[in-house]
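Trainee: Sending over a structure as structure tokens; questions will come in a sec.
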Amino acid sequence: MGLAERRKTLGYSQEKLAELLGVDRTTVGRWESGRVAPQPPQRPGLAAALEVSLQELDALLTQPRAVSRTTRCQQPSDHPSAGDPDEVIRREFLRILTVSGALTALPLDEAEALSDGVLRGAPGDFARMNGHLWQVYQLARSKGSVYPVVRDQLTTLNEALAVDTRGNSRPLLSAAADLFQLAGEVAFDANRYTDAAASYALAASVSRDAGAYDLWACALVRHAYVDMSEQRYRQAAQVLGAAERLAGRGDSNLATRHWVAAVQAEAYAGLGDLTACERALDQAEHVMGLSAGSTNGGWLRFDGTRLAEERGARYVQLGRLDLAEEALQWALEQTALASGQSYRRRGAVLTDLAAIGAKRRDPEHVVVYGREALLLAQASSSGYVARRLQALCDEFGPLSRDHRVAELGAEIAALSTP
């Protein structure tokens, strides 16, 4: 058994072990790969965390650390090949945007000549179809089932942009930015972070060209989620700061700035700043004072109904477990999170409640909430809930010795995360 195997046997992730020892995760990774050795002052703490003697630790550190070819081949790739149909669409979309930009700069008669007399797309039709796709996405148990339709819509929009003259450019670009945010959401749910980040970046760029500040700000908010999924909270806070400024230039009747504040709370919680987190959550709650038209059912759906679960999740991050449990239990009582409703949202809340049990070293609490969340992840094929559950396993630590927790961990490990 090597160092990594011993860590995994105890139920620790690299991040958790690093936190216990007061070092960076990459340091633990370098120890396990054999690139560097723990310094003498670090060895007693490492041995204690791994529950071995110093002599046994030396033996762990000298084990071979080769990675088999089979293991390497089984690692999922986050980079689509040149022939991947989604990558082809992305390249085609970028090409069309380039052509469309040239058309808007040309005199009208020259632009019409380049369009070859083909019929223009109708922006209103795209906007209505996009709104319908967002509704389908929101209701779908398996978010990935929406993607083929999104891809078809992108292809149709490409054709409209290819032949557009100056009259429709901004509305079509807004529709494109909207659609790319939805494509990013589907990719993010499937744990395809590179695809999600690319989609959000394109959405931000196109929103800028369309002069759509709220749409632009929402693209940045979604991009910040990619950073936070990798625990890069400082980078996320920087992106959200830009989104906050853009939202300030947008429509004050929309909920954009309140959604930005809600997501900023998550970044602040990740940075351990309770005061800033609560201030952002309080600002987000002001969305309740807006009119019913503050959301559009598509790229902007923040209406404050998720704030109880958001507040609970933030308190879990910050270690305020009593406050977290109270907020999360209240969230579960809401109609939108009742059994049989939103699998993804209910699964996330249940996972947070299981995490509270793990932090309290209460195996019964972990198993009750974790198993219900696991069933929802299996029923919905949600990569998002599966990812949250896998992060929960990092909290098990010594609880992994309980056979019920160990069984739950094994079933979570078997979840498919594309």
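Naming scheme: A, B, ... for chains in displayed order of the structure tokens; residues 1 onward per chain; ligands 1 onward as shown.
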Find the residues near region 379-381 of chain A: any atom within 12 Å, counting only C-alpha atoms, skip ones fewer than 5 places away on the same chain, and give them as a PDB file with N, CA and C atoms, in the first residue's frame.

Mentor:
ATOM      1  N   LEU A 139     -37.641  21.274 -16.316  1.00  0.00           N
ATOM      2  CA  LEU A 139     -38.540  20.198 -15.902  1.00  0.00           C
ATOM      3  C   LEU A 139     -37.955  18.807 -16.118  1.00  0.00           C
ATOM      4  N   ALA A 140     -36.939  18.702 -16.974  1.00  0.00           N
ATOM      5  CA  ALA A 140     -36.409  17.387 -17.334  1.00  0.00           C
ATOM      6  C   ALA A 140     -35.677  16.742 -16.167  1.00  0.00           C
ATOM      7  N   ARG A 141     -35.950  15.480 -15.934  1.00  0.00           N
ATOM      8  CA  ARG A 141     -35.199  14.760 -14.904  1.00  0.00           C
ATOM      9  C   ARG A 141     -33.755  14.566 -15.361  1.00  0.00           C
ATOM     10  N   SER A 142     -33.571  14.160 -16.590  1.00  0.00           N
ATOM     11  CA  SER A 142     -32.237  14.003 -17.161  1.00  0.00           C
ATOM     12  C   SER A 142     -31.943  15.210 -18.039  1.00  0.00           C
ATOM     13  N   LYS A 143     -31.069  16.104 -17.569  1.00  0.00           N
ATOM     14  CA  LYS A 143     -30.790  17.339 -18.295  1.00  0.00           C
ATOM     15  C   LYS A 143     -30.158  17.069 -19.656  1.00  0.00           C
ATOM     16  N   GLY A 144     -29.395  15.987 -19.756  1.00  0.00           N
ATOM     17  CA  GLY A 144     -28.734  15.673 -21.018  1.00  0.00           C
ATOM     18  C   GLY A 144     -29.699  15.378 -22.148  1.00  0.00           C
ATOM     19  N   SER A 145     -30.938  15.003 -21.815  1.00  0.00           N
ATOM     20  CA  SER A 145     -31.913  14.688 -22.858  1.00  0.00           C
ATOM     21  C   SER A 145     -32.281  15.912 -23.687  1.00  0.00           C
ATOM     22  N   ASP A 189     -23.971  20.322 -16.097  1.00  0.00           N
ATOM     23  CA  ASP A 189     -24.660  19.263 -15.359  1.00  0.00           C
ATOM     24  C   ASP A 189     -24.014  17.906 -15.619  1.00  0.00           C
ATOM     25  N   ALA A 190     -23.422  17.752 -16.817  1.00  0.00           N
ATOM     26  CA  ALA A 190     -22.783  16.492 -17.177  1.00  0.00           C
ATOM     27  C   ALA A 190     -21.307  16.462 -16.783  1.00  0.00           C
ATOM     28  N   ASN A 191     -20.850  17.471 -16.014  1.00  0.00           N
ATOM     29  CA  ASN A 191     -19.453  17.560 -15.568  1.00  0.00           C
ATOM     30  C   ASN A 191     -18.471  17.787 -16.708  1.00  0.00           C
ATOM     31  N   GLY A 340     -40.739  14.161  -5.352  1.00  0.00           N
ATOM     32  CA  GLY A 340     -41.285  14.030  -6.697  1.00  0.00           C
ATOM     33  C   GLY A 340     -41.167  15.295  -7.522  1.00  0.00           C
ATOM     34  N   GLN A 341     -40.700  16.398  -6.907  1.00  0.00           N
ATOM     35  CA  GLN A 341     -40.526  17.643  -7.655  1.00  0.00           C
ATOM     36  C   GLN A 341     -39.095  17.710  -8.193  1.00  0.00           C
ATOM     37  N   SER A 342     -38.417  18.817  -8.004  1.00  0.00           N
ATOM     38  CA  SER A 342     -37.086  18.993  -8.586  1.00  0.00           C
ATOM     39  C   SER A 342     -36.082  18.014  -7.980  1.00  0.00           C
ATOM     40  N   TYR A 343     -35.682  17.018  -8.756  1.00  0.00           N
ATOM     41  CA  TYR A 343     -34.731  16.017  -8.275  1.00  0.00           C
ATOM     42  C   TYR A 343     -33.379  16.652  -7.980  1.00  0.00           C
ATOM     43  N   ARG A 344     -32.968  17.562  -8.860  1.00  0.00           N
ATOM     44  CA  ARG A 344     -31.643  18.157  -8.714  1.00  0.00           C
ATOM     45  C   ARG A 344     -31.571  19.029  -7.458  1.00  0.00           C
ATOM     46  N   ARG A 345     -32.541  19.884  -7.260  1.00  0.00           N
ATOM     47  CA  ARG A 345     -32.513  20.779  -6.096  1.00  0.00           C
ATOM     48  C   ARG A 345     -32.690  20.001  -4.794  1.00  0.00           C
ATOM     49  N   ARG A 346     -33.662  19.087  -4.775  1.00  0.00           N
ATOM     50  CA  ARG A 346     -33.878  18.306  -3.551  1.00  0.00           C
ATOM     51  C   ARG A 346     -32.645  17.452  -3.241  1.00  0.00           C
ATOM     52  N   GLY A 347     -32.040  16.891  -4.283  1.00  0.00           N
ATOM     53  CA  GLY A 347     -30.838  16.079  -4.083  1.00  0.00           C
ATOM     54  C   GLY A 347     -29.705  16.888  -3.485  1.00  0.00           C
ATOM     55  N   GLU A 372     -31.157   8.932   0.361  1.00  0.00           N
ATOM     56  CA  GLU A 372     -32.247   9.526  -0.422  1.00  0.00           C
ATOM     57  C   GLU A 372     -31.691  10.355  -1.578  1.00  0.00           C
ATOM     58  N   ALA A 373     -30.607  11.098  -1.311  1.00  0.00           N
ATOM     59  CA  ALA A 373     -29.975  11.874  -2.382  1.00  0.00           C
ATOM     60  C   ALA A 373     -29.424  10.954  -3.462  1.00  0.00           C
ATOM     61  N   LEU A 374     -28.866   9.820  -3.063  1.00  0.00           N
ATOM     62  CA  LEU A 374     -28.334   8.849  -4.021  1.00  0.00           C
ATOM     63  C   LEU A 374     -29.441   8.324  -4.929  1.00  0.00           C
ATOM     64  N   ALA A 386     -24.613  13.872  -8.545  1.00  0.00           N
ATOM     65  CA  ALA A 386     -23.562  12.864  -8.371  1.00  0.00           C
ATOM     66  C   ALA A 386     -22.264  13.511  -7.912  1.00  0.00           C
ATOM     67  N   ARG A 387     -21.949  14.652  -8.483  1.00  0.00           N
ATOM     68  CA  ARG A 387     -20.718  15.360  -8.104  1.00  0.00           C
ATOM     69  C   ARG A 387     -20.796  15.824  -6.653  1.00  0.00           C
ATOM     70  N   LEU A 415     -21.741   5.717  -9.156  1.00  0.00           N
ATOM     71  CA  LEU A 415     -22.577   6.612  -9.953  1.00  0.00           C
ATOM     72  C   LEU A 415     -21.846   7.011 -11.213  1.00  0.00           C
ATOM     73  N   SER A 416     -22.584   7.129 -12.285  1.00  0.00           N
ATOM     74  CA  SER A 416     -22.001   7.560 -13.555  1.00  0.00           C
ATOM     75  C   SER A 416     -21.952   9.078 -13.582  1.00  0.00           C
ATOM     76  N   THR A 417     -20.731   9.624 -13.784  1.00  0.00           N
ATOM     77  CA  THR A 417     -20.574  11.073 -13.968  1.00  0.00           C
ATOM     78  C   THR A 417     -19.876  11.283 -15.296  1.00  0.00           C
ATOM     79  N   PRO A 418     -20.622  11.626 -16.371  1.00  0.00           N
ATOM     80  CA  PRO A 418     -20.063  11.714 -17.709  1.00  0.00           C
ATOM     81  C   PRO A 418     -18.859  12.639 -17.759  1.00  0.00           C
TER      82      PRO A 418
END

Trainee: Can you tell me, as a list in words, what residues are no more than 9 Å from Val405 (chain A) when counting only C-alpha atoms, ignoring any on the same chain fewer than 4 positions away?

Mentor: Pro363, Glu364, Val366, Val367, Phe396, Leu399, Ser400, Arg401, Gly409 and Ala410 of chain A

Trainee: Those residues you just picked out, can you put them in a file as a compact mmCIF listing (two decimals), in the first residue's frame with N, CA and C atoms?

Mentor:
# COMPACT_ATOMS: atom_id res chain seq x y z
N PRO A 363 -23.15 8.84 11.87
CA PRO A 363 -23.35 7.96 10.71
C PRO A 363 -24.82 7.81 10.32
N GLU A 364 -25.72 7.77 11.31
CA GLU A 364 -27.15 7.61 11.01
C GLU A 364 -27.65 8.78 10.17
N VAL A 366 -25.88 10.73 8.23
CA VAL A 366 -25.26 10.65 6.91
C VAL A 366 -26.03 9.68 6.01
N VAL A 367 -26.33 8.51 6.55
CA VAL A 367 -26.94 7.46 5.74
C VAL A 367 -28.38 7.81 5.35
N PHE A 396 -16.26 11.90 4.81
CA PHE A 396 -16.53 10.74 5.66
C PHE A 396 -15.43 10.50 6.69
N LEU A 399 -15.65 7.95 9.60
CA LEU A 399 -16.98 7.35 9.48
C LEU A 399 -17.00 6.21 8.47
N SER A 400 -16.02 6.16 7.58
CA SER A 400 -15.97 5.10 6.57
C SER A 400 -15.84 3.72 7.20
N ARG A 401 -15.46 3.68 8.46
CA ARG A 401 -15.35 2.38 9.13
C ARG A 401 -16.72 1.81 9.48
N GLY A 409 -20.85 4.90 0.47
CA GLY A 409 -19.73 5.41 -0.29
C GLY A 409 -19.46 4.59 -1.53
N ALA A 410 -19.60 3.27 -1.43
CA ALA A 410 -19.37 2.39 -2.58
C ALA A 410 -20.42 2.63 -3.66

Trainee: For Ala313 (chain A), list every protein, DNA or RNA residue within 8 Å, evaluated using only C-alpha atoms, and leave out those in the same chain fewer than 3 positions away; present the list as a list in words.

Mentor: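 Skipping anything fewer than 3 positions along the chain leaves Glu309, Glu310, Val316, Gln317, Ala324, Leu328, Val349 and Asp352 of chain A.
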
Trainee: Which residues are close to Asp178 (chain A), i.e. within 10 Å by only C-alpha atoms, leaving aside same-chain residues fewer than 4 positions away? Reply as a ChimeraX atom specification.

Mentor: /A:126-127,130-131,134,172-174,182-183,200,203-204,206-207,215-216,218-219,298-300

Trainee: Please run DSSP on the backbone and report, as an MDAnalysis selection string, all residues within region 217-286 of chain A that come out as alpha helix (DSSP H).

Mentor: chainID A and resid 217:229 233:248 256:270 274:284

Trainee: Go ahead and save the picked residues with C-alpha atoms, as a PDB file, in the first residue's frame.

Mentor:
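Result file is part31.pdb:
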ATOM      1  CA  ALA A 217     -23.817  39.426 -16.658  1.00  0.00           C
ATOM      2  CA  CYS A 218     -25.673  36.091 -16.465  1.00  0.00           C
ATOM      3  CA  ALA A 219     -23.085  34.456 -18.728  1.00  0.00           C
ATOM      4  CA  LEU A 220     -20.366  35.598 -16.313  1.00  0.00           C
ATOM      5  CA  VAL A 221     -22.325  34.276 -13.323  1.00  0.00           C
ATOM      6  CA  ARG A 222     -22.541  30.870 -14.954  1.00  0.00           C
ATOM      7  CA  HIS A 223     -18.840  30.978 -15.782  1.00  0.00           C
ATOM      8  CA  ALA A 224     -18.127  31.661 -12.094  1.00  0.00           C
ATOM      9  CA  TYR A 225     -19.825  28.365 -11.234  1.00  0.00           C
ATOM     10  CA  VAL A 226     -17.148  26.543 -13.249  1.00  0.00           C
ATOM     11  CA  ASP A 227     -14.445  28.177 -11.116  1.00  0.00           C
ATOM     12  CA  MET A 228     -16.297  27.353  -7.897  1.00  0.00           C
ATOM     13  CA  SER A 229     -16.777  23.723  -8.927  1.00  0.00           C
ATOM     14  CA  TYR A 233     -13.246  30.934  -5.179  1.00  0.00           C
ATOM     15  CA  ARG A 234     -10.991  33.953  -5.545  1.00  0.00           C
ATOM     16  CA  GLN A 235     -11.154  33.739  -9.341  1.00  0.00           C
ATOM     17  CA  ALA A 236     -14.927  33.281  -9.136  1.00  0.00           C
ATOM     18  CA  ALA A 237     -15.220  36.399  -6.973  1.00  0.00           C
ATOM     19  CA  GLN A 238     -13.324  38.394  -9.598  1.00  0.00           C
ATOM     20  CA  VAL A 239     -15.645  37.195 -12.377  1.00  0.00           C
ATOM     21  CA  LEU A 240     -18.677  37.990 -10.233  1.00  0.00           C
ATOM     22  CA  GLY A 241     -17.344  41.473  -9.541  1.00  0.00           C
ATOM     23  CA  ALA A 242     -17.397  42.098 -13.283  1.00  0.00           C
ATOM     24  CA  ALA A 243     -20.913  40.628 -13.477  1.00  0.00           C
ATOM     25  CA  GLU A 244     -22.038  42.970 -10.691  1.00  0.00           C
ATOM     26  CA  ARG A 245     -20.838  46.007 -12.649  1.00  0.00           C
ATOM     27  CA  LEU A 246     -22.535  44.824 -15.824  1.00  0.00           C
ATOM     28  CA  ALA A 247     -25.794  44.154 -13.995  1.00  0.00           C
ATOM     29  CA  GLY A 248     -25.654  47.721 -12.705  1.00  0.00           C
ATOM     30  CA  THR A 256     -29.901  40.047 -12.511  1.00  0.00           C
ATOM     31  CA  ARG A 257     -28.105  41.974  -9.768  1.00  0.00           C
ATOM     32  CA  HIS A 258     -29.840  39.906  -7.082  1.00  0.00           C
ATOM     33  CA  TRP A 259     -28.750  36.654  -8.706  1.00  0.00           C
ATOM     34  CA  VAL A 260     -25.196  37.983  -8.887  1.00  0.00           C
ATOM     35  CA  ALA A 261     -25.363  38.692  -5.138  1.00  0.00           C
ATOM     36  CA  ALA A 262     -26.643  35.175  -4.368  1.00  0.00           C
ATOM     37  CA  VAL A 263     -23.736  33.596  -6.242  1.00  0.00           C
ATOM     38  CA  GLN A 264     -21.252  36.030  -4.699  1.00  0.00           C
ATOM     39  CA  ALA A 265     -22.391  34.640  -1.341  1.00  0.00           C
ATOM     40  CA  GLU A 266     -21.161  31.208  -2.410  1.00  0.00           C
ATOM     41  CA  ALA A 267     -17.773  32.591  -3.426  1.00  0.00           C
ATOM     42  CA  TYR A 268     -17.437  34.478  -0.128  1.00  0.00           C
ATOM     43  CA  ALA A 269     -18.387  31.334   1.803  1.00  0.00           C
ATOM     44  CA  GLY A 270     -15.687  29.443  -0.070  1.00  0.00           C
ATOM     45  CA  LEU A 274     -19.085  34.967   6.866  1.00  0.00           C
ATOM     46  CA  THR A 275     -19.790  38.707   7.017  1.00  0.00           C
ATOM     47  CA  ALA A 276     -19.512  39.227   3.245  1.00  0.00           C
ATOM     48  CA  CYS A 277     -21.511  36.037   2.612  1.00  0.00           C
ATOM     49  CA  GLU A 278     -24.444  37.128   4.790  1.00  0.00           C
ATOM     50  CA  ARG A 279     -24.357  40.647   3.346  1.00  0.00           C
ATOM     51  CA  ALA A 280     -24.609  39.214  -0.184  1.00  0.00           C
ATOM     52  CA  LEU A 281     -27.470  36.902   0.813  1.00  0.00           C
ATOM     53  CA  ASP A 282     -29.348  39.811   2.374  1.00  0.00           C
ATOM     54  CA  GLN A 283     -28.879  41.765  -0.851  1.00  0.00           C
ATOM     55  CA  ALA A 284     -30.154  38.814  -2.884  1.00  0.00           C
TER      56      ALA A 284
END

Trainee: Please indicate the distance in Å from CA of Ala331 (chain A) to CA of Glu411 (chain A), rounded to one decimal place.

Mentor: 26.1 Å

Trainee: Could you pull the residues within 12 Å of Asp322 (chain A), counting only C-alpha atoms, minus those fewer than 3 positions along the same chain, as a list in words?

Mentor: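 Near neighbours after the sequence-gap exclusion: Gly312, Ala313, Tyr315, Val316, Leu318, Gly319, Glu325, Glu326, Ala327, Leu328, Gln329, Leu353, Ile356, Gly357, Lys359 and Arg360 of chain A.
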
Trainee: Which is closest to Glu51 (chain A) among A:Asp303, A:Gly397, A:Phe180, A:Leu323, if we use only C-alpha atoms?

Mentor: A:Gly397

Trainee: For CA of Lys8 (chain A) and CA of Ala413 (chain A), determine how far apart the two atoms are, in Å to one decimal place.

Mentor: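 Atom-to-atom, CA of Lys8 (chain A) to CA of Ala413 (chain A), that is 12.3 Å.
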
Trainee: Would you mind telling me which residue in A:Gly124, A:Pro148, A:Pro40, A:Pro171 lies nearest to Asp58 (chain A) when using only C-alpha atoms?

Mentor: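 Looking at the shortest contact to Asp58 (chain A), the residue is A:Pro40.
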
Trainee: In Å, rounded to a single decimal, give me how far CA of Leu50 (chain A) is from CA of Thr62 (chain A).

Mentor: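 Spanning CA of Thr62 (chain A) to CA of Leu50 (chain A) is a straight-line distance of 15.4 Å.
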
Trainee: If you count only C-alpha atoms, which residues fall within 10 Å of region 16-24 of chain A, apart from same-chain ones fewer than 2 positions away, as a VMD selection string?

Mentor: chain A and resid 7 11 to 14 26 to 29 42 to 43 45 to 46 48 to 50 394 to 397
